[in-house]
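Note: the block below is data_30.cif and it holds mmCIF, C-alpha atoms and all ligand atoms.
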data_model
#
loop_
_atom_site.group_PDB
_atom_site.id
_atom_site.type_symbol
_atom_site.label_atom_id
_atom_site.label_comp_id
_atom_site.auth_asym_id
_atom_site.auth_seq_id
_atom_site.Cartn_x
_atom_site.Cartn_y
_atom_site.Cartn_z
ATOM 1 C CA MET J 1115 23.746 68.177 69.966
ATOM 2 C CA ASN J 1116 20.875 66.580 71.772
ATOM 3 C CA THR J 1117 21.316 62.915 72.392
ATOM 4 C CA ALA J 1118 18.314 60.655 72.760
ATOM 5 C CA VAL J 1119 18.543 58.841 76.057
ATOM 6 C CA ALA J 1120 17.046 55.368 76.149
ATOM 7 C CA SER J 1121 15.226 54.762 79.387
ATOM 8 C CA SER J 1122 14.638 51.258 80.606
ATOM 9 C CA ALA J 1123 13.510 52.157 84.110
ATOM 10 C CA VAL J 1124 10.015 53.475 83.408
ATOM 11 C CA LEU J 1125 8.528 50.554 81.513
ATOM 12 C CA PRO J 1126 7.239 47.339 83.074
ATOM 13 C CA THR J 1127 9.091 44.105 82.404
ATOM 14 C CA ALA J 1128 6.392 43.121 79.888
ATOM 15 C CA THR J 1129 8.396 45.141 77.299
ATOM 16 C CA ASP J 1130 10.068 41.855 76.358
ATOM 17 C CA ALA J 1131 6.752 40.668 74.961
ATOM 18 C CA ALA J 1132 6.257 43.821 72.841
ATOM 19 C CA PRO J 1133 9.160 44.383 70.447
ATOM 20 C CA ALA J 1134 9.781 47.959 69.296
ATOM 21 C CA LEU J 1135 7.958 48.799 66.075
ATOM 22 C CA PRO J 1136 9.318 51.010 63.260
ATOM 23 C CA GLY J 1137 9.974 54.374 64.880
ATOM 24 C CA GLY J 1138 11.181 52.702 68.068
ATOM 25 C CA TYR J 1139 8.021 52.730 70.181
ATOM 26 C CA ARG J 1140 6.381 49.767 71.904
ATOM 27 C CA PHE J 1141 3.615 51.394 73.931
ATOM 28 C CA CYS J 1142 1.237 54.252 73.318
ATOM 29 C CA PRO J 1143 2.593 57.435 74.949
ATOM 30 C CA ARG J 1144 -0.993 58.542 75.586
ATOM 31 C CA CYS J 1145 -2.664 55.440 77.066
ATOM 32 C CA ALA J 1146 0.157 52.839 77.444
ATOM 33 C CA THR J 1147 -1.537 50.196 75.243
ATOM 34 C CA ALA J 1148 0.850 48.012 73.186
ATOM 35 C CA LEU J 1149 1.168 49.551 69.713
ATOM 36 C CA SER J 1150 0.571 47.791 66.398
ATOM 37 C CA ARG J 1151 0.977 48.481 62.693
ATOM 38 C CA GLY J 1152 -1.827 49.493 60.385
ATOM 39 C CA VAL J 1153 -3.347 52.164 58.200
ATOM 40 C CA PRO J 1154 -4.905 54.904 60.371
ATOM 41 C CA LEU J 1155 -8.689 55.159 60.203
ATOM 42 C CA GLY J 1156 -9.790 57.686 57.608
ATOM 43 C CA ALA J 1157 -6.278 58.140 56.182
ATOM 44 C CA ASP J 1158 -6.044 58.857 52.444
ATOM 45 C CA ASP J 1159 -2.499 57.509 52.440
ATOM 46 C CA PRO J 1160 -2.335 53.678 52.393
ATOM 47 C CA ARG J 1161 1.025 53.582 54.223
ATOM 48 C CA GLU J 1162 1.120 51.520 57.397
ATOM 49 C CA ARG J 1163 1.952 53.420 60.569
ATOM 50 C CA THR J 1164 2.721 52.486 64.135
ATOM 51 C CA LEU J 1165 -0.510 53.209 65.969
ATOM 52 C CA CYS J 1166 -2.611 52.587 69.050
ATOM 53 C CA GLY J 1167 -5.729 50.419 68.596
ATOM 54 C CA ASN J 1168 -7.170 51.722 71.856
ATOM 55 C CA CYS J 1169 -7.047 55.525 71.689
ATOM 56 C CA GLY J 1170 -6.143 56.104 68.022
ATOM 57 C CA TRP J 1171 -2.742 57.734 68.581
ATOM 58 C CA VAL J 1172 -0.596 57.514 65.425
ATOM 59 C CA HIS J 1173 3.174 57.763 65.222
ATOM 60 C CA TRP J 1174 3.515 59.599 61.904
ATOM 61 C CA ASP J 1175 7.313 59.413 62.108
ATOM 62 C CA ASN J 1176 7.774 62.734 60.318
ATOM 63 C CA PRO J 1177 11.361 63.944 59.754
ATOM 64 C CA LEU J 1178 12.741 66.056 62.565
ATOM 65 C CA PRO J 1179 14.263 69.440 61.702
ATOM 66 C CA VAL J 1180 17.898 69.815 62.718
ATOM 67 C CA VAL J 1181 19.888 73.033 62.540
ATOM 68 C CA ALA J 1182 23.549 72.863 61.575
ATOM 69 C CA ALA J 1183 26.278 75.460 61.135
ATOM 70 C CA LEU J 1184 29.445 75.857 59.193
ATOM 71 C CA VAL J 1185 31.033 78.151 61.775
ATOM 72 C CA GLN J 1186 33.460 80.768 60.513
ATOM 73 C CA LEU J 1187 35.838 82.151 63.138
ATOM 74 C CA GLY J 1188 38.036 84.842 61.635
ATOM 75 C CA ASP J 1189 39.037 83.471 58.231
ATOM 76 C CA LYS J 1190 38.850 79.797 59.291
ATOM 77 C CA ILE J 1191 36.058 77.243 59.493
ATOM 78 C CA LEU J 1192 35.582 75.396 62.771
ATOM 79 C CA LEU J 1193 34.917 71.666 62.545
ATOM 80 C CA ALA J 1194 34.307 69.643 65.686
ATOM 81 C CA ARG J 1195 34.458 66.034 66.758
ATOM 82 C CA ASN J 1196 31.748 64.711 69.032
ATOM 83 C CA ALA J 1197 33.117 62.820 72.020
ATOM 84 C CA ALA J 1198 31.193 59.722 70.859
ATOM 85 C CA TRP J 1199 32.670 59.798 67.341
ATOM 86 C CA THR J 1200 35.613 57.947 65.825
ATOM 87 C CA PRO J 1201 38.968 59.775 66.012
ATOM 88 C CA GLY J 1202 39.399 61.838 62.848
ATOM 89 C CA LYS J 1203 35.670 62.389 62.292
ATOM 90 C CA PHE J 1204 35.031 66.135 62.253
ATOM 91 C CA ALA J 1205 31.805 67.780 61.138
ATOM 92 C CA LEU J 1206 29.541 70.766 61.641
ATOM 93 C CA ILE J 1207 27.922 71.972 64.834
ATOM 94 C CA ALA J 1208 24.347 70.676 64.821
ATOM 95 C CA GLY J 1209 21.402 70.041 67.073
ATOM 96 C CA PHE J 1210 17.665 69.849 67.466
ATOM 97 C CA MET J 1211 15.591 72.975 67.713
ATOM 98 C CA GLU J 1212 13.697 73.741 70.881
ATOM 99 C CA ARG J 1213 10.030 74.638 71.017
ATOM 100 C CA GLY J 1214 9.465 78.359 70.545
ATOM 101 C CA GLU J 1215 12.753 79.240 68.853
ATOM 102 C CA THR J 1216 13.499 80.231 65.266
ATOM 103 C CA PRO J 1217 16.110 78.247 63.298
ATOM 104 C CA GLU J 1218 18.468 81.233 63.588
ATOM 105 C CA ALA J 1219 18.046 81.352 67.364
ATOM 106 C CA GLY J 1220 18.418 77.570 67.521
ATOM 107 C CA ILE J 1221 21.722 77.507 65.701
ATOM 108 C CA ALA J 1222 23.057 80.467 67.698
ATOM 109 C CA ARG J 1223 22.171 78.559 70.880
ATOM 110 C CA GLU J 1224 23.795 75.349 69.665
ATOM 111 C CA VAL J 1225 26.969 77.182 68.642
ATOM 112 C CA MET J 1226 27.124 78.908 72.043
ATOM 113 C CA GLU J 1227 26.420 75.705 73.979
ATOM 114 C CA GLU J 1228 28.915 73.599 72.083
ATOM 115 C CA THR J 1229 31.748 76.056 71.391
ATOM 116 C CA GLY J 1230 31.210 79.111 73.612
ATOM 117 C CA LEU J 1231 31.202 81.324 70.505
ATOM 118 C CA THR J 1232 28.701 84.108 69.807
ATOM 119 C CA VAL J 1233 27.039 84.039 66.387
ATOM 120 C CA VAL J 1234 27.055 87.506 64.805
ATOM 121 C CA GLU J 1235 25.830 86.690 61.286
ATOM 122 C CA HIS J 1236 23.707 83.923 59.717
ATOM 123 C CA ASN J 1237 23.654 82.987 56.044
ATOM 124 C CA MET J 1238 21.361 80.145 54.989
ATOM 125 C CA ILE J 1239 23.198 77.593 52.855
ATOM 126 C CA GLY J 1240 20.198 75.372 52.226
ATOM 127 C CA VAL J 1241 17.823 72.651 53.347
ATOM 128 C CA TYR J 1242 18.990 69.047 52.984
ATOM 129 C CA PRO J 1243 17.256 65.711 53.572
ATOM 130 C CA PHE J 1244 19.084 63.234 55.802
ATOM 131 C CA LEU J 1245 16.965 60.210 54.939
ATOM 132 C CA LEU J 1246 19.051 57.716 56.877
ATOM 133 C CA ARG J 1247 18.211 59.502 60.140
ATOM 134 C CA ASN J 1248 14.766 60.784 59.152
ATOM 135 C CA GLU J 1249 15.950 64.365 59.661
ATOM 136 C CA LEU J 1250 15.673 67.569 57.671
ATOM 137 C CA LEU J 1251 18.830 69.653 57.953
ATOM 138 C CA LEU J 1252 18.665 73.462 57.926
ATOM 139 C CA VAL J 1253 22.269 74.402 57.316
ATOM 140 C CA TYR J 1254 23.741 77.864 57.859
ATOM 141 C CA HIS J 1255 27.081 79.502 57.383
ATOM 142 C CA VAL J 1256 27.549 81.612 60.503
ATOM 143 C CA ARG J 1257 30.191 84.096 61.506
ATOM 144 C CA ALA J 1258 31.094 83.756 65.162
ATOM 145 C CA GLU J 1259 33.204 85.644 67.664
ATOM 146 C CA GLY J 1260 34.830 84.870 70.996
ATOM 147 C CA ASP J 1261 37.057 82.229 72.505
ATOM 148 C CA VAL J 1262 36.388 78.552 71.936
ATOM 149 C CA HIS J 1263 35.282 76.630 75.038
ATOM 150 C CA LEU J 1264 34.064 73.202 74.005
ATOM 151 C CA SER J 1265 31.150 71.558 75.791
ATOM 152 C CA PRO J 1266 31.808 68.065 77.225
ATOM 153 C CA GLU J 1267 29.850 66.692 74.227
ATOM 154 C CA LEU J 1268 32.715 67.656 71.948
ATOM 155 C CA ALA J 1269 36.139 66.050 72.200
ATOM 156 C CA GLU J 1270 38.134 68.434 70.004
ATOM 157 C CA TYR J 1271 37.925 70.957 67.201
ATOM 158 C CA LYS J 1272 40.059 72.161 64.363
ATOM 159 C CA LEU J 1273 40.202 75.365 62.336
ATOM 160 C CA VAL J 1274 40.410 74.795 58.613
ATOM 161 C CA ASP J 1275 41.126 77.156 55.756
ATOM 162 C CA PRO J 1276 37.926 77.285 53.634
ATOM 163 C CA ALA J 1277 39.863 76.195 50.542
ATOM 164 C CA ASP J 1278 41.013 73.056 52.390
ATOM 165 C CA LEU J 1279 37.522 71.823 53.304
ATOM 166 C CA VAL J 1280 36.574 68.414 51.925
ATOM 167 C CA PRO J 1281 32.816 67.666 51.789
ATOM 168 C CA TRP J 1282 31.384 64.297 52.819
ATOM 169 C CA PRO J 1283 28.556 62.566 50.969
ATOM 170 C CA GLN J 1284 25.915 62.319 53.702
ATOM 171 C CA GLY J 1285 24.148 64.583 56.148
ATOM 172 C CA THR J 1286 25.620 68.072 56.248
ATOM 173 C CA GLY J 1287 28.417 67.245 53.776
ATOM 174 C CA PRO J 1288 26.593 68.456 50.625
ATOM 175 C CA ALA J 1289 26.029 71.834 52.334
ATOM 176 C CA VAL J 1290 29.783 72.185 52.789
ATOM 177 C CA GLY J 1291 30.267 71.695 49.044
ATOM 178 C CA ASP J 1292 27.473 74.135 48.197
ATOM 179 C CA TRP J 1293 28.946 76.794 50.482
ATOM 180 C CA MET J 1294 32.416 76.315 48.952
ATOM 181 C CA ARG J 1295 30.928 76.743 45.465
ATOM 182 C CA SER J 1296 29.163 79.928 46.608
ATOM 183 C CA GLN J 1297 32.555 81.272 47.656
ATOM 184 C CA GLY J 1298 34.129 80.450 44.282
ATOM 185 C CA LEU J 1299 36.256 77.681 45.802
ATOM 186 C CA VAL J 1300 37.191 74.481 44.019
ATOM 187 C CA VAL J 1301 35.166 71.669 45.601
ATOM 188 C CA PRO J 1302 37.008 68.359 45.919
ATOM 189 C CA ASP J 1303 35.132 65.067 45.527
ATOM 190 C CA ALA J 1304 33.247 64.117 48.662
ATOM 191 C CA VAL J 1305 35.038 61.720 51.006
ATOM 192 C CA PRO J 1306 33.014 59.654 53.519
ATOM 193 C CA LEU J 1307 33.655 60.550 57.154
ATOM 194 C CA PRO J 1308 35.622 57.931 59.114
HETATM 195 ZN ZN ZN J 1401 -3.271 54.888 73.064
#

Transcribe the structure of this file into structure tokens.
Amino acid sequence: MNTAVASSAVLPTATDAAPALPGGYRFCPRCATALSRGVPLGADDPRERTLCGNCGWVHWDNPLPVVAALVQLGDKILLARNAAWTPGKFALIAGFMERGETPEAGIAREVMEETGLTVVEHNMIGVYPFLLRNELLLVYHVRAEGDVHLSPELAEYKLVDPADLVPWPQGTGPAVGDWMRSQGLVVPDAVPLP
């Protein structure tokens, strides 16, 4: 999982006078002018955007694609807990794609980086909006092989019998339910993650 790192060292102290606008930016990444809100020149869409009045840069704030995997190891599903998460919160392996890679390569890389496992088979479960985080989730069931070696980003993992999975309502949770249905399993009601 990639984690956005907030940097306070590169901006001048004048940041206090320019509060972050929707999308999180204060200054134009192209010319460093303070950003404002408005409808871009020539846009057909009347929605206001965060934009630069000097050079015309527009922060469109489009959803970011994220790859996620329901990792099958043997006959079990691996769920992992990020080190930053509440105890008891286990979910899928997920992360941002890198420039130049396919979704399949991206999820194989994430699974290797986070668990040490080698992906040997991909099966697309589906594409899911994660509106709360402005992300678009590309969720796969993958078969993986090897020994689990967790990255420092992950605190722990557990191996769950597919029939014992319980979906959660947000993010990758609906994909878990859809995969269970595709396997002919009874899908319990979704339970929010802790
Ligand atoms: Zn600019």

Please check which protein, DNA or RNA residues sit within 7 Å of ligand ZN 1401 (chain J), counting all atoms listed in the file, and write them as a list in words.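 Those residues are Cys1142, Pro1143, Arg1144, Cys1145, Ala1146, Thr1147, Cys1166, Gly1167, Asn1168, Cys1169, Gly1170 and Trp1171 of chain J.
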
Surrounding residues of Val1262 (chain J) excluding itself and chain neighbours under 4 positions, 7 Å, all atoms listed in the file, as an MDAnalysis selection string: chainID J and resid 1229:1231

Write the residues of the selection above to a file with C-alpha atoms, as a PDB file, in the frame of the given file.
ATOM      1  CA  THR J1229      31.748  76.056  71.391  1.00  0.00           C
ATOM      2  CA  GLY J1230      31.210  79.111  73.612  1.00  0.00           C
ATOM      3  CA  LEU J1231      31.202  81.324  70.505  1.00  0.00           C
TER       4      LEU J1231
END

Do you know which residues are at most 12 Å from Glu1162 (chain J) counting all atoms listed in the file, after dropping those on the same chain fewer than 3 positions away, and could you put them as an MDAnalysis selection string? chainID J and resid 1135:1137 1150:1155 1157:1159 1165 1172:1175

Which is closest to Leu1193 (chain J) among J:Arg1295, J:Lys1272, J:Arg1163, J:Arg1213, if we use all atoms listed in the file?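 Distance minimum relative to Leu1193 (chain J) lands on J:Lys1272.
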
If we count all atoms listed in the file, what is near Ala1258 (chain J) at a cut-off of 7 Å, once residues fewer than 3 positions away on the same chain are taken out, given as an MDAnalysis selection string? chainID J and resid 1185:1187 1231:1234

Using all atoms listed in the file, which of the listed residues (J:Glu1235, J:His1263, J:Thr1286, J:Leu1299) sits closest to Leu1250 (chain J)? J:Thr1286

Separation of CA of Asp1278 (chain J) and CA of Pro1201 (chain J), in Å? 19.1 Å

J:Val1301, J:Val1290, J:Ala1277, J:Val1181 ranked by distance to Ala1222 (chain J), top pick (using only C-alpha atoms):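 Looking only at the distances to Ala1222 (chain J), the closest residue turns out to be J:Val1181.
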
Can you work out which one of J:Pro1243, J:Gln1297, J:His1255, J:Leu1264 has the shortest atom-to-atom distance to Gln1284 (chain J), counting only C-alpha atoms? J:Pro1243
